[in-house]
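Have a look at the structure below, then the notes.
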Amino acid sequence: LFAGATDFLKGVVAMDGLPAPDRIEVCFAGRSNVGKSSLINALTGRVKLARASNTPGRTQEINFFTTTGGPYLVDLPGYGYANAPVKIVEKWQRLLKNYLSGRQNLRRAFVLIDSRHGVKKVDEEIMSLLDKSAVTFQVVMTKADKVKENDRAKMLEQVRKALSKHPAAYPELVLTSSEKGDGIETLRAIIAGLD
Ligand code: GDP
C-alpha cells in the first residue's frame, strides 16, 4: 500500500482545489513541530515526501499524497502558531472547517500528540471541531522514544482522560516513534483496514 508507491499530488488552498473524492482518504493534524512530516515520511518510506517545513507561510496548504490503490493521505496545516498573522489563521481555519465538514470520502483523522507534551488547548480545539464535523479521529502519540516508561504511562492517562470528552474520538491510541520505527506498521495496518 505505501512503500515506494506514494506521491505528492497537490497542495490545496481553497475548497475548489480539492481532488475529486474518488477514493477514501485519511488526514493528519497536529501542532507544528509535533512530528507530522516525520510520521508521514516514515509511513510512506519516503524520506522527503512531506517537507519538514515549520514556517507559517509554507504550511497553509492542505497537502494531498496518493498511494497506489489506496487512500489519499492528507497533511493538514500545522496549528498553534502564535505568530501567524490573524488574517492567515482565519483563512486556514475556514478552509479546515469546510474541508472537515464537507469531505464525504474522509474516513478518519489522525490527531498527533507529542508524547512529552500531551493534549494542549489547541489540540482540544481541533478535537472539538472534529466532533462537530462528525469525523472519527484517532490519536497518534509521536516521539515515543523521547519519554521514559513511567512518564509515558502518566501521559497516556492524561490523553485518555481528554479523549473521554470527545464523542468522535476512537478510544485506541497508537504509540509511534518515526525515529525508531515503533508503531509505524500498526498505523499502516489501521489505514489499510479502513474502507
Ligand atoms: P512537523 O512540524 O509536525 O512536521 O514536525 P517534524 O516532522 O518536522 O519534526 C519536528 C522535529 O521533531 C524534528 O526535529 C524531528 O527530527 C523531530 N522528530 C520527529 N519525530 C520524531 C521521533 O519519533 N523521535 C524523535 N526523537 N524526534 C522526532
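In the C-alpha cells, the first chain shown is A, the next is B, and so on; residue numbers restart at 1 for each chain, and ligands run from 1 in the order shown.
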Give me, as a Markdown table, the closest atom pair and its distance (Å, one decimal) for every residue of chain A within a cut-off of 9 Å of ligand 1, counting only C-alpha atoms and all ligand atoms, rows sorted by chain and rising number.
| residue | atom | partner | partner_atom_place_in_ligand_line | distance |
| --- | --- | --- | --- | --- |
| A:Ala29 | CA | ligand 1 | 3 (O) | 8.6 |
| A:Gly30 | CA | ligand 1 | 3 (O) | 6.5 |
| A:Arg31 | CA | ligand 1 | 3 (O) | 6.4 |
| A:Ser32 | CA | ligand 1 | 2 (O) | 4.3 |
| A:Asn33 | CA | ligand 1 | 2 (O) | 3.3 |
| A:Val34 | CA | ligand 1 | 3 (O) | 4.0 |
| A:Gly35 | CA | ligand 1 | 5 (O) | 3.3 |
| A:Lys36 | CA | ligand 1 | 3 (O) | 3.6 |
| A:Ser37 | CA | ligand 1 | 4 (O) | 3.7 |
| A:Ser38 | CA | ligand 1 | 7 (O) | 3.6 |
| A:Leu39 | CA | ligand 1 | 7 (O) | 6.4 |
| A:Ile40 | CA | ligand 1 | 7 (O) | 8.1 |
| A:Asn41 | CA | ligand 1 | 7 (O) | 8.3 |
| A:Ala50 | CA | ligand 1 | 4 (O) | 7.7 |
| A:Arg51 | CA | ligand 1 | 4 (O) | 7.4 |
| A:Ala52 | CA | ligand 1 | 8 (O) | 4.2 |
| A:Ser53 | CA | ligand 1 | 8 (O) | 6.1 |
| A:Asn54 | CA | ligand 1 | 2 (O) | 5.1 |
| A:Thr55 | CA | ligand 1 | 2 (O) | 8.7 |
| A:Gly78 | CA | ligand 1 | 3 (O) | 6.6 |
| A:Leu112 | CA | ligand 1 | 3 (O) | 8.3 |
| A:Asp114 | CA | ligand 1 | 20 (N) | 8.9 |
| A:Thr142 | CA | ligand 1 | 23 (O) | 5.6 |
| A:Lys143 | CA | ligand 1 | 23 (O) | 3.5 |
| A:Ala144 | CA | ligand 1 | 23 (O) | 6.3 |
| A:Asp145 | CA | ligand 1 | 24 (N) | 5.7 |
| A:Lys146 | CA | ligand 1 | 26 (N) | 5.5 |
| A:Thr176 | CA | ligand 1 | 23 (O) | 6.6 |
| A:Ser177 | CA | ligand 1 | 23 (O) | 3.5 |
| A:Ser178 | CA | ligand 1 | 23 (O) | 3.7 |
| A:Glu179 | CA | ligand 1 | 23 (O) | 4.2 |
| A:Lys180 | CA | ligand 1 | 23 (O) | 6.6 |
| A:Gly181 | CA | ligand 1 | 23 (O) | 7.6 |
| A:Asp182 | CA | ligand 1 | 23 (O) | 8.3 |
Would you export the selected residues with N, CA and C atoms as a JSON list (two decimals), in the first residue's frame, please?
[["chain", "number", "residue", "atom", "x", "y", "z"],
["A", 29, "ALA", "N", -3.46, 15.66, 11.53],
["A", 29, "ALA", "CA", -3.46, 17.01, 12.11],
["A", 29, "ALA", "C", -2.57, 17.03, 13.34],
["A", 30, "GLY", "N", -2.01, 18.18, 13.63],
["A", 30, "GLY", "CA", -1.21, 18.29, 14.83],
["A", 30, "GLY", "C", -0.55, 19.64, 14.95],
["A", 31, "ARG", "N", -0.12, 19.96, 16.16],
["A", 31, "ARG", "CA", 0.59, 21.22, 16.39],
["A", 31, "ARG", "C", 1.87, 21.21, 15.58],
["A", 32, "SER", "N", 2.30, 22.40, 15.21],
["A", 32, "SER", "CA", 3.55, 22.49, 14.48],
["A", 32, "SER", "C", 4.65, 21.88, 15.35],
["A", 33, "ASN", "N", 5.54, 21.14, 14.69],
["A", 33, "ASN", "CA", 6.66, 20.51, 15.37],
["A", 33, "ASN", "C", 6.32, 19.22, 16.13],
["A", 34, "VAL", "N", 5.09, 18.76, 15.97],
["A", 34, "VAL", "CA", 4.67, 17.54, 16.68],
["A", 34, "VAL", "C", 5.33, 16.28, 16.08],
["A", 35, "GLY", "N", 5.83, 16.44, 14.83],
["A", 35, "GLY", "CA", 6.46, 15.30, 14.15],
["A", 35, "GLY", "C", 5.58, 14.75, 13.03],
["A", 36, "LYS", "N", 4.74, 15.61, 12.47],
["A", 36, "LYS", "CA", 3.79, 15.18, 11.43],
["A", 36, "LYS", "C", 4.50, 14.82, 10.13],
["A", 37, "SER", "N", 5.41, 15.67, 9.69],
["A", 37, "SER", "CA", 6.14, 15.35, 8.44],
["A", 37, "SER", "C", 6.94, 14.07, 8.62],
["A", 38, "SER", "N", 7.59, 13.95, 9.75],
["A", 38, "SER", "CA", 8.41, 12.76, 10.01],
["A", 38, "SER", "C", 7.55, 11.50, 9.99],
["A", 39, "LEU", "N", 6.34, 11.60, 10.55],
["A", 39, "LEU", "CA", 5.45, 10.44, 10.59],
["A", 39, "LEU", "C", 5.00, 10.05, 9.18],
["A", 40, "ILE", "N", 4.61, 11.03, 8.39],
["A", 40, "ILE", "CA", 4.15, 10.73, 7.03],
["A", 40, "ILE", "C", 5.31, 10.15, 6.22],
["A", 41, "ASN", "N", 6.48, 10.70, 6.42],
["A", 41, "ASN", "CA", 7.65, 10.15, 5.74],
["A", 41, "ASN", "C", 7.91, 8.70, 6.16],
["A", 50, "ALA", "N", 6.91, 14.49, 2.71],
["A", 50, "ALA", "CA", 6.28, 15.62, 3.35],
["A", 50, "ALA", "C", 7.40, 16.56, 3.78],
["A", 51, "ARG", "N", 7.43, 17.74, 3.20],
["A", 51, "ARG", "CA", 8.50, 18.67, 3.53],
["A", 51, "ARG", "C", 8.47, 18.99, 5.03],
["A", 52, "ALA", "N", 9.59, 18.83, 5.67],
["A", 52, "ALA", "CA", 9.64, 19.14, 7.10],
["A", 52, "ALA", "C", 9.77, 20.65, 7.28],
["A", 53, "SER", "N", 8.71, 21.31, 6.95],
["A", 53, "SER", "CA", 8.74, 22.78, 6.98],
["A", 53, "SER", "C", 7.93, 23.31, 8.15],
["A", 54, "ASN", "N", 8.50, 24.19, 8.90],
["A", 54, "ASN", "CA", 7.81, 24.69, 10.07],
["A", 54, "ASN", "C", 7.51, 26.17, 9.99],
["A", 55, "THR", "N", 7.61, 26.74, 8.80],
["A", 55, "THR", "CA", 7.33, 28.17, 8.68],
["A", 55, "THR", "C", 5.87, 28.37, 8.27],
["A", 78, "GLY", "N", -0.22, 22.58, 10.00],
["A", 78, "GLY", "CA", 0.11, 22.53, 11.43],
["A", 78, "GLY", "C", -0.55, 23.69, 12.14],
["A", 112, "LEU", "N", -2.19, 14.06, 15.98],
["A", 112, "LEU", "CA", -0.87, 13.74, 16.52],
["A", 112, "LEU", "C", -0.62, 14.51, 17.81],
["A", 114, "ASP", "N", 2.32, 14.99, 20.86],
["A", 114, "ASP", "CA", 3.70, 14.76, 21.29],
["A", 114, "ASP", "C", 3.70, 14.02, 22.63],
["A", 142, "THR", "N", 3.34, 10.81, 19.19],
["A", 142, "THR", "CA", 4.59, 10.87, 18.45],
["A", 142, "THR", "C", 5.80, 10.93, 19.38],
["A", 143, "LYS", "N", 6.96, 10.67, 18.85],
["A", 143, "LYS", "CA", 8.24, 10.80, 19.56],
["A", 143, "LYS", "C", 8.27, 9.97, 20.85],
["A", 144, "ALA", "N", 7.66, 8.78, 20.79],
["A", 144, "ALA", "CA", 7.60, 7.91, 21.97],
["A", 144, "ALA", "C", 8.99, 7.59, 22.51],
["A", 145, "ASP", "N", 9.99, 7.63, 21.63],
["A", 145, "ASP", "CA", 11.36, 7.33, 22.07],
["A", 145, "ASP", "C", 11.93, 8.40, 23.01],
["A", 146, "LYS", "N", 11.25, 9.54, 23.08],
["A", 146, "LYS", "CA", 11.77, 10.64, 23.90],
["A", 146, "LYS", "C", 11.29, 10.62, 25.34],
["A", 176, "THR", "N", 3.83, 5.94, 18.59],
["A", 176, "THR", "CA", 4.79, 5.84, 17.48],
["A", 176, "THR", "C", 6.11, 6.56, 17.78],
["A", 177, "SER", "N", 7.11, 6.10, 17.10],
["A", 177, "SER", "CA", 8.36, 6.83, 17.01],
["A", 177, "SER", "C", 8.82, 6.74, 15.56],
["A", 178, "SER", "N", 8.82, 7.87, 14.89],
["A", 178, "SER", "CA", 9.27, 7.88, 13.50],
["A", 178, "SER", "C", 10.76, 7.59, 13.43],
["A", 179, "GLU", "N", 11.43, 7.97, 14.51],
["A", 179, "GLU", "CA", 12.88, 7.78, 14.56],
["A", 179, "GLU", "C", 13.23, 6.29, 14.67],
["A", 180, "LYS", "N", 12.54, 5.60, 15.59],
["A", 180, "LYS", "CA", 12.84, 4.18, 15.83],
["A", 180, "LYS", "C", 11.98, 3.24, 15.00],
["A", 181, "GLY", "N", 10.90, 3.76, 14.46],
["A", 181, "GLY", "CA", 10.01, 2.93, 13.65],
["A", 181, "GLY", "C", 8.88, 2.28, 14.45],
["A", 182, "ASP", "N", 8.84, 2.53, 15.75],
["A", 182, "ASP", "CA", 7.79, 1.93, 16.58],
["A", 182, "ASP", "C", 6.41, 2.40, 16.13]]
Can you write out as CSV which residues of stretch 29-131 of chain A fall within 9 Å of stretch 168-171 of chain A, alongside each residue's closest atom pair and its distance in Å to one decimal, counting only C-alpha atoms and ordering rows by chain and ascending residue number?
residue,atom,partner,partner_atom,distance
A:Met127,CA,A:Ala169,CA,7.9
A:Ser128,CA,A:Ala168,CA,8.6
A:Leu130,CA,A:Ala168,CA,6.7
A:Asp131,CA,A:Ala168,CA,4.9
Would you mind exporting N, CA and C atoms of the selected residues as a PDB file, in the first residue's frame?
ATOM      1  N   MET A 127      -9.970  18.814  18.238  1.00  0.00           N
ATOM      2  CA  MET A 127     -10.815  17.659  18.568  1.00  0.00           C
ATOM      3  C   MET A 127     -12.290  18.058  18.608  1.00  0.00           C
ATOM      4  N   SER A 128     -12.562  19.243  19.149  1.00  0.00           N
ATOM      5  CA  SER A 128     -13.948  19.723  19.193  1.00  0.00           C
ATOM      6  C   SER A 128     -14.476  19.977  17.787  1.00  0.00           C
ATOM      7  N   LEU A 130     -13.517  18.370  15.165  1.00  0.00           N
ATOM      8  CA  LEU A 130     -13.750  17.038  14.584  1.00  0.00           C
ATOM      9  C   LEU A 130     -15.060  16.439  15.112  1.00  0.00           C
ATOM     10  N   ASP A 131     -15.328  16.650  16.402  1.00  0.00           N
ATOM     11  CA  ASP A 131     -16.621  16.225  16.963  1.00  0.00           C
ATOM     12  C   ASP A 131     -17.756  16.849  16.166  1.00  0.00           C
TER      13      ASP A 131
END
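Excluding stretch 83-93 of chain A itself and same-chain residues fewer than 3 positions from it, the residues having an atom within 9 Å of it are A:Val13, A:Ala14, A:Pro56, A:Gly57, A:Gln60, A:Glu61, A:Pro77, A:Tyr79, A:Gly80, A:Leu96, A:Lys97, A:Asn98, counting only C-alpha atoms.
Every residue of stretch 14-106 of chain A with a DSSP assignment of alpha helix (DSSP H), taken from the backbone, is listed as A:Lys36, A:Ser37, A:Ser38, A:Leu39, A:Ile40, A:Asn41, A:Ala42, A:Leu43, A:Thr44, A:Val86, A:Lys87, A:Ile88, A:Val89, A:Glu90, A:Lys91, A:Trp92, A:Gln93, A:Arg94, A:Leu95, A:Leu96, A:Lys97, A:Asn98, A:Tyr99, A:Leu100, A:Ser101, A:Gly102.
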Can I get the selected residues back with N, CA and C atoms, as a CSV table (one decimal), in the first residue's frame?
chain,number,residue,atom,x,y,z
A,36,LYS,N,4.7,15.6,12.5
A,36,LYS,CA,3.8,15.2,11.4
A,36,LYS,C,4.5,14.8,10.1
A,37,SER,N,5.4,15.7,9.7
A,37,SER,CA,6.1,15.4,8.4
A,37,SER,C,6.9,14.1,8.6
A,38,SER,N,7.6,14.0,9.8
A,38,SER,CA,8.4,12.8,10.0
A,38,SER,C,7.5,11.5,10.0
A,39,LEU,N,6.3,11.6,10.5
A,39,LEU,CA,5.5,10.4,10.6
A,39,LEU,C,5.0,10.1,9.2
A,40,ILE,N,4.6,11.0,8.4
A,40,ILE,CA,4.2,10.7,7.0
A,40,ILE,C,5.3,10.2,6.2
A,41,ASN,N,6.5,10.7,6.4
A,41,ASN,CA,7.6,10.2,5.7
A,41,ASN,C,7.9,8.7,6.2
A,42,ALA,N,7.8,8.4,7.5
A,42,ALA,CA,8.0,7.1,8.0
A,42,ALA,C,7.0,6.1,7.4
A,43,LEU,N,5.7,6.5,7.4
A,43,LEU,CA,4.6,5.7,7.0
A,43,LEU,C,4.8,5.3,5.5
A,44,THR,N,5.3,6.3,4.7
A,44,THR,CA,5.4,6.0,3.3
A,44,THR,C,6.7,5.5,2.9
A,86,VAL,N,-3.3,37.2,11.9
A,86,VAL,CA,-4.6,36.8,12.1
A,86,VAL,C,-5.4,36.4,10.8
A,87,LYS,N,-5.2,37.2,9.8
A,87,LYS,CA,-5.9,37.0,8.5
A,87,LYS,C,-5.6,35.6,8.0
A,88,ILE,N,-4.3,35.2,8.1
A,88,ILE,CA,-3.9,33.9,7.5
A,88,ILE,C,-4.5,32.8,8.4
A,89,VAL,N,-4.4,33.0,9.7
A,89,VAL,CA,-5.0,32.0,10.6
A,89,VAL,C,-6.5,31.8,10.3
A,90,GLU,N,-7.2,32.9,10.1
A,90,GLU,CA,-8.7,32.9,9.9
A,90,GLU,C,-8.9,32.1,8.6
A,91,LYS,N,-8.1,32.4,7.6
A,91,LYS,CA,-8.3,31.8,6.3
A,91,LYS,C,-8.2,30.3,6.3
A,92,TRP,N,-7.1,29.9,7.0
A,92,TRP,CA,-6.9,28.4,7.0
A,92,TRP,C,-7.9,27.7,8.0
A,93,GLN,N,-8.3,28.4,9.0
A,93,GLN,CA,-9.3,27.8,9.9
A,93,GLN,C,-10.7,27.6,9.1
A,94,ARG,N,-11.0,28.6,8.2
A,94,ARG,CA,-12.2,28.5,7.4
A,94,ARG,C,-12.0,27.3,6.5
A,95,LEU,N,-10.9,27.2,5.8
A,95,LEU,CA,-10.6,26.1,4.9
A,95,LEU,C,-10.7,24.7,5.6
A,96,LEU,N,-10.1,24.7,6.8
A,96,LEU,CA,-10.1,23.5,7.6
A,96,LEU,C,-11.5,23.0,7.9
A,97,LYS,N,-12.3,24.0,8.4
A,97,LYS,CA,-13.7,23.7,8.8
A,97,LYS,C,-14.5,23.2,7.6
A,98,ASN,N,-14.3,23.9,6.5
A,98,ASN,CA,-15.1,23.5,5.3
A,98,ASN,C,-14.6,22.1,4.8
A,99,TYR,N,-13.3,21.9,4.9
A,99,TYR,CA,-12.8,20.6,4.5
A,99,TYR,C,-13.4,19.5,5.4
A,100,LEU,N,-13.2,19.6,6.7
A,100,LEU,CA,-13.6,18.6,7.6
A,100,LEU,C,-15.1,18.3,7.6
A,101,SER,N,-15.9,19.3,7.4
A,101,SER,CA,-17.4,19.1,7.4
A,101,SER,C,-17.9,18.7,6.1
A,102,GLY,N,-17.2,18.9,5.0
A,102,GLY,CA,-17.8,18.6,3.7
A,102,GLY,C,-17.1,17.4,2.9
Please compute the atom CA of A:Val74-atom CA of A:Gly118 distance, one decimal, in Å. 22.8 Å
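Among A:Leu156, A:Leu18, A:Ile191, A:Val12, the residue with the shortest atom-to-atom distance to A:Pro71, counting only C-alpha atoms, is A:Ile191.
Counting only C-alpha atoms and comparing A:Val140, A:Lys165, A:Ser115, A:Ala192, the residue that lies closest to A:Gly69 is A:Ala192.
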Mind the document's chain letters and residue numbers, and return as a ChimeraX atom specification the residues of stretch 10-44 of chain A that DSSP labels strand (DSSP E). /A:10-12,25-30
Pairwise distance for atom CA of A:Glu185 and atom CA of A:Asp7, rounded to one decimal in Å: 19.1 Å
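Distance check against A:Ile113 using only C-alpha atoms: of A:Phe8, A:Ile126, A:Ala20, A:Asn150, the minimum falls on A:Ile126.
For the atom pair formed by atom CA of A:Thr136 and atom CA of A:Glu149, the distance is 28.4 Å, given to one decimal.
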So that I can check the surroundings of A:Pro21, please list as an MDAnalysis selection string every protein, DNA and RNA residue that reaches within 8 Å of it, counting only C-alpha atoms and ignoring chain neighbours fewer than 5 positions away. chainID A and resid 103:105
Could you dump the residues just selected with C-alpha atoms as a tab-separated table (two decimals), in the first residue's frame?
chain	number	residue	atom	x	y	z
A	103	ARG	CA	-15.46	15.77	2.68
A	104	GLN	CA	-17.54	12.64	2.25
A	105	ASN	CA	-14.64	10.30	1.46
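Nearest-residue note for A:Phe110: choosing from A:Cys27, A:Lys132, A:Ser164, A:Thr66, the minimum distance belongs to A:Cys27, counting only C-alpha atoms.
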